[in-house]
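K.L.:
data_14.tsv is the file, holding TSV, C-alpha atoms and all ligand atoms:
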chain	number	residue	atom	x	y	z
A	1	ARG	CA	139.13	232.13	116.86
A	2	GLU	CA	137.17	234.73	115.01
A	3	GLN	CA	137.87	237.41	117.63
A	4	VAL	CA	141.63	236.92	117.25
A	5	GLU	CA	141.19	237.70	113.55
A	6	LEU	CA	139.18	240.84	114.34
A	7	ILE	CA	141.76	242.07	116.88
A	8	ASN	CA	144.70	241.45	114.55
A	9	SER	CA	143.12	243.02	111.49
A	10	ILE	CA	141.27	246.07	112.82
A	11	PRO	CA	143.17	249.38	112.49
A	12	LYS	CA	144.19	250.71	115.90
A	13	ALA	CA	145.92	253.71	117.45
A	14	GLU	CA	148.25	253.37	120.41
A	15	LEU	CA	148.13	256.32	122.83
A	16	HIS	CA	150.18	255.13	125.77
A	17	VAL	CA	153.57	253.61	125.09
A	18	HIS	CA	156.89	254.61	126.66
A	19	ILE	CA	159.59	254.14	124.04
A	20	GLU	CA	162.08	253.17	126.77
A	21	GLY	CA	159.60	250.44	127.73
A	22	THR	CA	159.77	248.84	124.28
A	23	PHE	CA	163.44	247.94	124.84
A	24	GLU	CA	163.58	244.19	124.25
A	25	PRO	CA	166.36	242.28	126.06
A	26	GLU	CA	167.95	241.12	122.78
A	27	LEU	CA	168.34	244.69	121.54
A	28	MET	CA	169.49	245.82	124.99
A	29	PHE	CA	172.36	243.32	124.87
A	30	THR	CA	173.27	244.32	121.30
A	31	ILE	CA	173.41	248.02	122.15
A	32	ALA	CA	175.18	247.45	125.50
A	33	GLU	CA	177.89	245.51	123.69
A	34	ARG	CA	178.49	248.08	120.98
A	35	ASN	CA	178.55	250.88	123.60
A	36	ASP	CA	180.95	248.91	125.81
A	37	ILE	CA	178.56	248.82	128.75
A	38	ARG	CA	178.38	245.73	130.93
A	39	LEU	CA	174.86	244.70	131.97
A	40	LYS	CA	174.48	243.04	135.34
A	41	TYR	CA	172.71	240.08	133.72
A	42	LYS	CA	174.60	237.23	132.05
A	43	SER	CA	172.16	236.61	129.24
A	44	VAL	CA	168.90	237.62	127.59
A	45	ASP	CA	167.13	234.81	129.49
A	46	ASP	CA	168.64	235.99	132.77
A	47	LEU	CA	167.40	239.51	132.15
A	48	ARG	CA	163.95	238.39	131.09
A	49	ALA	CA	163.70	236.23	134.21
A	50	ALA	CA	164.11	239.40	136.32
A	51	TYR	CA	160.86	240.82	134.88
A	52	GLN	CA	158.71	240.00	137.89
A	53	PHE	CA	157.31	242.95	139.75
A	54	ASN	CA	155.25	243.44	142.90
A	55	ASN	CA	154.50	247.10	142.21
A	56	LEU	CA	155.25	250.09	139.96
A	57	GLN	CA	158.50	251.02	141.69
A	58	GLU	CA	160.08	247.58	141.25
A	59	PHE	CA	159.40	247.88	137.53
A	60	LEU	CA	160.67	251.48	137.30
A	61	ASP	CA	164.00	250.48	138.88
A	62	LEU	CA	164.64	247.97	136.06
A	63	TYR	CA	163.22	250.24	133.37
A	64	TYR	CA	165.59	253.10	134.27
A	65	ALA	CA	168.54	250.71	134.56
A	66	GLY	CA	167.81	249.35	131.07
A	67	ALA	CA	167.62	252.85	129.59
A	68	TYR	CA	171.20	253.53	130.72
A	69	VAL	CA	172.67	251.70	127.73
A	70	LEU	CA	171.01	254.19	125.33
A	71	LEU	CA	173.61	256.79	124.39
A	72	TYR	CA	173.65	257.70	120.71
A	73	GLU	CA	171.16	258.78	118.07
A	74	GLN	CA	171.52	255.34	116.45
A	75	ASP	CA	170.50	253.66	119.72
A	76	PHE	CA	167.28	255.67	119.93
A	77	TYR	CA	166.67	255.04	116.24
A	78	ASP	CA	167.05	251.27	116.59
A	79	LEU	CA	164.84	251.22	119.70
A	80	THR	CA	162.07	253.20	118.03
A	81	MET	CA	162.26	251.38	114.71
A	82	ALA	CA	161.92	247.99	116.43
A	83	TYR	CA	158.72	249.25	118.09
A	84	LEU	CA	157.33	250.74	114.86
A	85	LYS	CA	157.94	247.46	113.06
A	86	LYS	CA	155.72	245.81	115.69
A	87	CYS	CA	153.08	248.48	115.02
A	88	HIS	CA	153.19	247.65	111.34
A	89	GLU	CA	152.80	243.92	112.04
A	90	GLU	CA	149.91	244.50	114.46
A	91	LYS	CA	147.91	246.98	112.40
A	92	VAL	CA	148.69	249.89	114.72
A	93	VAL	CA	148.40	252.66	112.14
A	94	HIS	CA	148.92	255.62	114.48
A	95	THR	CA	151.00	255.91	117.64
A	96	GLU	CA	151.57	258.64	120.22
A	97	ILE	CA	154.95	257.92	121.70
A	98	PHE	CA	156.04	258.91	125.22
A	99	PHE	CA	159.67	259.39	126.08
A	100	ASP	CA	161.44	260.49	129.27
A	101	PRO	CA	163.96	263.26	128.43
A	102	GLN	CA	165.24	263.51	132.02
A	103	THR	CA	166.23	259.84	132.12
A	104	HIS	CA	168.74	260.67	129.41
A	105	THR	CA	169.76	264.29	129.95
A	106	GLN	CA	170.39	263.60	133.68
A	107	ARG	CA	173.24	261.24	132.73
A	108	GLY	CA	174.71	263.54	130.12
A	109	VAL	CA	173.08	262.20	126.94
A	110	PRO	CA	172.26	265.23	124.76
A	111	PHE	CA	168.58	265.94	124.12
A	112	LYS	CA	169.32	265.97	120.41
A	113	ASN	CA	170.54	262.35	120.40
A	114	VAL	CA	167.25	261.27	121.91
A	115	ILE	CA	164.95	263.32	119.75
A	116	ASN	CA	166.83	262.89	116.45
A	117	GLY	CA	166.90	259.10	116.81
A	118	ILE	CA	163.22	258.79	117.73
A	119	LEU	CA	162.13	261.27	115.06
A	120	GLN	CA	164.11	259.72	112.21
A	121	ALA	CA	162.62	256.29	112.94
A	122	CYS	CA	159.13	257.82	112.93
A	123	ILE	CA	159.77	259.55	109.61
A	124	ASP	CA	161.10	256.33	108.07
A	125	ALA	CA	158.12	254.31	109.35
A	126	ARG	CA	155.70	256.86	107.97
A	127	ASN	CA	157.37	256.73	104.57
A	128	GLU	CA	157.66	252.94	104.57
A	129	TRP	CA	154.33	251.89	106.11
A	130	GLY	CA	152.22	255.04	106.39
A	131	ILE	CA	152.24	254.97	110.19
A	132	THR	CA	151.38	258.39	111.65
A	133	TYR	CA	152.76	259.55	114.98
A	134	ARG	CA	152.86	262.17	117.70
A	135	LEU	CA	155.67	262.67	120.21
A	136	ILE	CA	154.95	263.38	123.88
A	137	PRO	CA	157.79	264.14	126.31
A	138	ASN	CA	156.95	263.11	129.87
A	139	PHE	CA	158.23	264.72	133.05
A	140	LEU	CA	159.46	262.36	135.77
A	141	ARG	CA	157.29	262.98	138.81
A	142	HIS	CA	159.88	261.65	141.30
A	143	LEU	CA	162.06	264.63	140.34
A	144	SER	CA	161.32	268.23	141.31
A	145	GLU	CA	159.02	270.61	139.49
A	146	GLU	CA	162.07	272.87	139.03
A	147	ASP	CA	163.76	270.09	137.09
A	148	ALA	CA	160.63	269.61	134.97
A	149	ILE	CA	160.60	273.35	134.19
A	150	LYS	CA	164.25	273.27	133.20
A	151	THR	CA	163.59	270.26	130.96
A	152	PHE	CA	160.55	271.92	129.42
A	153	LYS	CA	162.55	275.04	128.54
A	154	GLU	CA	165.32	272.97	127.00
A	155	SER	CA	162.81	270.95	125.00
A	156	LEU	CA	161.24	274.07	123.48
A	157	GLN	CA	163.96	274.29	120.84
A	158	TYR	CA	162.27	271.17	119.40
A	159	GLY	CA	158.81	272.37	120.37
A	160	GLU	CA	157.26	272.09	116.92
A	161	LEU	CA	157.85	268.32	117.10
A	162	PHE	CA	155.68	267.88	120.20
A	163	THR	CA	151.90	267.77	120.50
A	164	ALA	CA	151.59	267.36	124.24
A	165	TYR	CA	153.56	266.87	127.44
A	166	GLY	CA	152.89	264.19	130.03
A	167	LEU	CA	153.73	263.10	133.57
A	168	ASP	CA	154.97	259.62	134.50
A	169	SER	CA	157.06	257.63	137.03
A	170	SER	CA	156.27	257.05	140.73
A	171	GLU	CA	152.70	258.16	141.46
A	172	LYS	CA	152.77	257.54	145.22
A	173	GLY	CA	154.05	260.63	147.04
A	174	HIS	CA	154.08	262.74	143.87
A	175	PRO	CA	150.52	263.98	143.27
A	176	PRO	CA	149.41	266.15	140.33
A	177	ALA	CA	149.50	269.33	142.47
A	178	LYS	CA	153.32	269.12	142.54
A	179	PHE	CA	153.38	269.95	138.80
A	180	LYS	CA	150.67	272.58	138.56
A	181	LYS	CA	153.06	275.38	137.63
A	182	VAL	CA	154.97	273.56	134.88
A	183	PHE	CA	151.74	272.26	133.34
A	184	GLU	CA	150.45	275.81	133.23
A	185	MET	CA	153.61	276.88	131.40
A	186	VAL	CA	153.18	273.98	128.95
A	187	ARG	CA	149.57	274.98	128.21
A	188	THR	CA	150.49	278.64	127.88
A	189	GLU	CA	152.95	277.67	125.13
A	190	GLY	CA	150.04	276.02	123.29
A	191	PHE	CA	150.61	272.35	124.03
A	192	LEU	CA	148.09	269.77	125.18
A	193	THR	CA	148.75	267.86	128.39
A	194	VAL	CA	148.26	264.31	129.63
A	195	ALA	CA	149.19	262.68	132.94
A	196	HIS	CA	149.46	259.26	134.50
A	197	ALA	CA	146.90	259.24	137.31
A	198	GLY	CA	144.90	256.63	139.19
A	199	GLU	CA	147.28	253.77	138.36
A	200	GLU	CA	148.63	253.04	141.85
A	201	GLY	CA	147.39	256.33	143.26
A	202	PRO	CA	143.80	257.07	144.30
A	203	ALA	CA	140.86	258.33	142.22
A	204	GLN	CA	141.53	261.77	143.71
A	205	ASN	CA	144.64	262.00	141.51
A	206	VAL	CA	142.38	261.68	138.46
A	207	TRP	CA	140.22	264.57	139.71
A	208	ASP	CA	143.38	266.62	140.34
A	209	ALA	CA	144.90	265.83	136.94
A	210	ILE	CA	141.69	267.12	135.33
A	211	GLU	CA	141.14	270.15	137.54
A	212	LEU	CA	144.70	271.26	138.37
A	213	LEU	CA	146.65	270.07	135.32
A	214	LYS	CA	143.78	270.43	132.83
A	215	VAL	CA	144.76	267.30	130.93
A	216	ALA	CA	143.23	266.22	127.63
A	217	ARG	CA	143.59	262.53	128.54
A	218	ILE	CA	144.25	260.44	131.63
A	219	ASP	CA	146.89	257.73	131.38
A	220	HIS	CA	145.69	254.59	133.18
A	221	GLY	CA	142.93	256.07	135.38
A	222	VAL	CA	141.71	252.62	136.38
A	223	ARG	CA	141.34	253.62	140.07
A	224	SER	CA	138.45	255.85	138.90
A	225	ILE	CA	136.40	252.71	139.37
A	226	ASP	CA	136.38	253.47	143.14
A	227	ASP	CA	134.53	256.77	142.67
A	228	ALA	CA	131.03	256.72	141.15
A	229	GLU	CA	130.87	260.49	140.85
A	230	LEU	CA	134.17	260.54	138.96
A	231	LEU	CA	132.94	257.83	136.57
A	232	ASP	CA	129.91	259.97	135.73
A	233	LYS	CA	132.15	262.97	135.17
A	234	LEU	CA	134.59	261.10	132.90
A	235	ALA	CA	131.70	259.91	130.75
A	236	ARG	CA	130.02	263.33	130.69
A	237	ILE	CA	133.12	265.28	129.65
A	238	GLU	CA	134.33	262.45	127.37
A	239	MET	CA	137.70	262.30	129.09
A	240	PRO	CA	139.65	259.43	127.53
A	241	LEU	CA	141.47	256.87	129.67
A	242	THR	CA	144.49	255.15	128.13
A	243	VAL	CA	144.18	251.79	129.84
A	244	CYS	CA	147.04	249.25	129.84
A	245	PRO	CA	145.74	245.80	130.85
A	246	LEU	CA	148.93	243.69	130.83
A	247	SER	CA	150.76	246.48	132.65
A	248	ASN	CA	148.08	246.53	135.34
A	249	LEU	CA	148.38	242.77	135.76
A	250	LYS	CA	152.21	242.72	135.83
A	251	LEU	CA	152.40	245.59	138.34
A	252	LYS	CA	149.64	244.10	140.50
A	253	VAL	CA	147.28	247.03	140.01
A	254	VAL	CA	144.81	244.18	139.47
A	255	ASN	CA	145.36	240.68	140.90
A	256	ASP	CA	143.65	238.85	138.08
A	257	MET	CA	142.70	239.98	134.58
A	258	ALA	CA	139.15	238.84	135.33
A	259	ASP	CA	139.05	241.64	137.95
A	260	HIS	CA	140.12	244.32	135.47
A	261	PRO	CA	137.68	247.28	135.43
A	262	LEU	CA	137.88	247.85	131.65
A	263	LYS	CA	134.51	246.32	130.84
A	264	LYS	CA	132.81	248.36	133.60
A	265	LEU	CA	134.42	251.53	132.23
A	266	LEU	CA	133.11	250.76	128.74
A	267	ASP	CA	129.66	249.95	130.08
A	268	HIS	CA	129.75	253.32	131.84
A	269	ASN	CA	130.25	254.98	128.42
A	270	ILE	CA	133.76	256.13	129.25
A	271	VAL	CA	136.13	256.62	126.31
A	272	ALA	CA	138.52	253.85	127.35
A	273	THR	CA	141.33	252.70	125.07
A	274	ILE	CA	143.75	249.74	125.11
A	275	ASN	CA	147.51	250.32	125.13
A	276	SER	CA	150.73	248.44	125.82
A	277	ASP	CA	152.58	250.89	128.16
A	278	ASP	CA	155.94	249.07	128.37
A	279	PRO	CA	155.46	246.02	126.16
A	280	ALA	CA	159.01	244.64	126.44
A	281	TYR	CA	158.58	244.40	130.21
A	282	PHE	CA	154.92	243.44	130.49
A	283	GLY	CA	154.77	240.57	128.04
A	284	GLY	CA	152.83	241.91	125.08
A	285	TYR	CA	152.23	244.56	122.48
A	286	MET	CA	148.83	245.94	121.42
A	287	ASN	CA	147.18	242.80	120.12
A	288	ALA	CA	148.24	240.74	123.13
A	289	ASN	CA	146.62	243.39	125.34
A	290	PHE	CA	143.38	243.26	123.33
A	291	GLN	CA	143.49	239.46	123.40
A	292	SER	CA	144.06	239.23	127.10
A	293	VAL	CA	141.11	241.43	128.13
A	294	THR	CA	138.84	239.95	125.47
A	295	GLU	CA	139.32	236.50	126.96
A	296	ALA	CA	139.29	237.47	130.63
A	297	LEU	CA	136.30	239.84	130.41
A	298	ASP	CA	134.33	238.13	127.62
A	299	LEU	CA	134.41	241.21	125.42
A	300	THR	CA	132.08	241.15	122.43
A	301	ASN	CA	133.01	242.05	118.87
A	302	ASP	CA	131.18	245.33	119.45
A	303	ASP	CA	133.42	246.03	122.46
A	304	ILE	CA	136.53	245.40	120.36
A	305	VAL	CA	135.30	247.75	117.63
A	306	THR	CA	134.41	250.38	120.25
A	307	LEU	CA	137.92	250.16	121.71
A	308	ALA	CA	139.48	250.60	118.27
A	309	VAL	CA	137.19	253.54	117.43
A	310	ASN	CA	137.91	255.07	120.85
A	311	SER	CA	141.65	254.90	120.14
A	312	PHE	CA	141.23	257.25	117.17
A	313	LYS	CA	138.60	259.39	118.89
A	314	ALA	CA	140.95	259.94	121.85
A	315	SER	CA	144.02	260.51	119.67
A	316	PHE	CA	145.60	263.86	118.87
A	317	LEU	CA	145.06	263.37	115.13
A	318	SER	CA	143.21	266.24	113.42
A	319	ASP	CA	139.51	265.72	112.71
A	320	GLU	CA	140.39	265.30	109.06
A	321	GLU	CA	142.95	262.59	109.82
A	322	LYS	CA	140.51	260.84	112.15
A	323	GLN	CA	137.91	260.60	109.39
A	324	LYS	CA	140.18	258.24	107.54
A	325	TRP	CA	139.73	255.63	110.28
A	326	PHE	CA	136.13	255.82	111.55
B	1	LIG	N1	153.52	254.33	135.21
B	1	LIG	C1	154.32	255.31	135.60
B	1	LIG	N2	155.47	255.57	135.03
B	1	LIG	C2	155.85	254.83	133.99
B	1	LIG	C3	155.07	253.79	133.53
B	1	LIG	C4	153.84	253.53	134.17
B	1	LIG	O1	153.06	252.63	133.85
B	1	LIG	N3	155.74	253.23	132.50
B	1	LIG	C5	156.88	253.93	132.33
B	1	LIG	N4	156.95	254.90	133.23
B	2	ZN	ZN	152.71	254.48	131.34
Could you render the structure from this file as structure tokens?
Ligand code: HPA
Ligand code: ZN

P.N.:
Amino acid sequence: REQVELINSIPKAELHVHIEGTFEPELMFTIAERNDIRLKYKSVDDLRAAYQFNNLQEFLDLYYAGAYVLLYEQDFYDLTMAYLKKCHEEKVVHTEIFFDPQTHTQRGVPFKNVINGILQACIDARNEWGITYRLIPNFLRHLSEEDAIKTFKESLQYGELFTAYGLDSSEKGHPPAKFKKVFEMVRTEGFLTVAHAGEEGPAQNVWDAIELLKVARIDHGVRSIDDAELLDKLARIEMPLTVCPLSNLKLKVVNDMADHPLKKLLDHNIVATINSDDPAYFGGYMNANFQSVTEALDLTNDDIVTLAVNSFKASFLSDEEKQKWF
């Protein structure tokens, strides 16, 4: 169809992707083998068959288990390069990559292995394909704020590589207020902030991420649909939402893609964007996400263009860099 062509060919930016969530089963087996780690699944098919989730936590348990085979700089390089190759194939010309330092440092993997591997792949992809990038460490919200502060301080030796810091993992029981202090430290050092909010948690978490954490973007934010006053505010202050449709479906944030609030958010003039979140686990990269909502919500060509333009508008590219794309 004509819309498939438009989706595949229009330049896009991805603003919400966890690099650990791009770990395809095939690569996971390859790296596990060379690192002498035994996976608890017999085969790639076996592992892929386990990708059925009833909620965020069931997914996170598998996602953290998968990340355990990543040890060396080469592992992080291979992981990131495989994702960037997908970007190149799908006309994703700019990407803002999340990674979870604590998932790795907690088990003794040096910060430098993580960052050097990811960074080198980004540099190579920029040279090879012209893909631009930003790197955004995320704090794990199921761990303490003290641990986030410790991680932040350790990360500062690579601070010039980072544009922003984020907040991910289990939203229930770990509201934005828990991280008020560390986010203040992050902003004081001159970084932007983002936070997952209103994915499984209530619209109130979106308010709190804005007011307590002073974020520049909300990751997910789909529960904002429950709060008319919040919707007005998001539109008025042009607060971007990095929406992840296939993720929402796989984690049962929505029961059916036809029920997804994306179209309502767009019609409310909210700067919503489409993103893949953890594409290896949720069954699709950027274009599959665009495709899925386009079909389920009857998006128009204008909607698709708006979503692509929003992705650059909401990005952390400089104004000059943005002008290249819209
Ligand atoms: N939500 C929270 N934490 C995460 C996600 C997500 O969608 N993906 C990876 N970590
Ligand atoms: Zn996410």

K.L.:
For Ala314 of chain A, which residue out of A:Thr273, A:Thr95, A:Gln157, A:Asn248 is the nearest one, using all atoms listed in the file?

P.N.:
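Smallest separation from Ala314 of chain A among the options: A:Thr273.
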
K.L.:
Hey, which residues come within 8 Å of ligand ZN 2 (chain B) if we count only C-alpha atoms and all ligand atoms? Could you give them as JSON, numbers by chain?

P.N.:
{"A": [16, 17, 18, 168, 169, 196, 219, 220, 244, 277, 278]}

K.L.:
If we count all atoms listed in the file, what is near Lys178 of chain A at a cut-off of 12 Å, once residues fewer than 6 positions away on the same chain are taken out, given as a PyMOL selection string?

P.N.:
chain A and resi 139-149+167+171-172+184+205+208-209+212-213

K.L.:
Taking all atoms listed in the file into account, which of A:Thr193, A:Thr188, A:Ser43, A:Thr22 comes nearest ligand LIG 1 (chain B)?

P.N.:
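For ligand LIG 1 (chain B), the nearest of the given residues is A:Thr22.
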
K.L.:
For Leu265 of chain A, which of A:Ile136, A:Ile237, A:Leu249, A:Leu231 is the closest residue, counting only C-alpha atoms?

P.N.:
A:Leu231

K.L.:
Give me, please, the distance in Å between atom CA of Ser315 of chain A and atom CA of Val253 of chain A, quoted to one decimal.

P.N.:
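Atom-to-atom, atom CA of Ser315 of chain A and atom CA of Val253 of chain A are spaced 24.6 Å apart.
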
K.L.:
Which neighbours of Ser9 of chain A fall inside 10 Å, counting only C-alpha atoms, when residues of the same chain fewer than 4 positions from it are skipped, and could you give them as a PyMOL selection string?

P.N.:
chain A and resi 3-5+89-92+287

K.L.:
Just how far from atom CA of Tyr63 of chain A is atom CA of Phe99 of chain A, in Å to one decimal?

P.N.:
12.2 Å
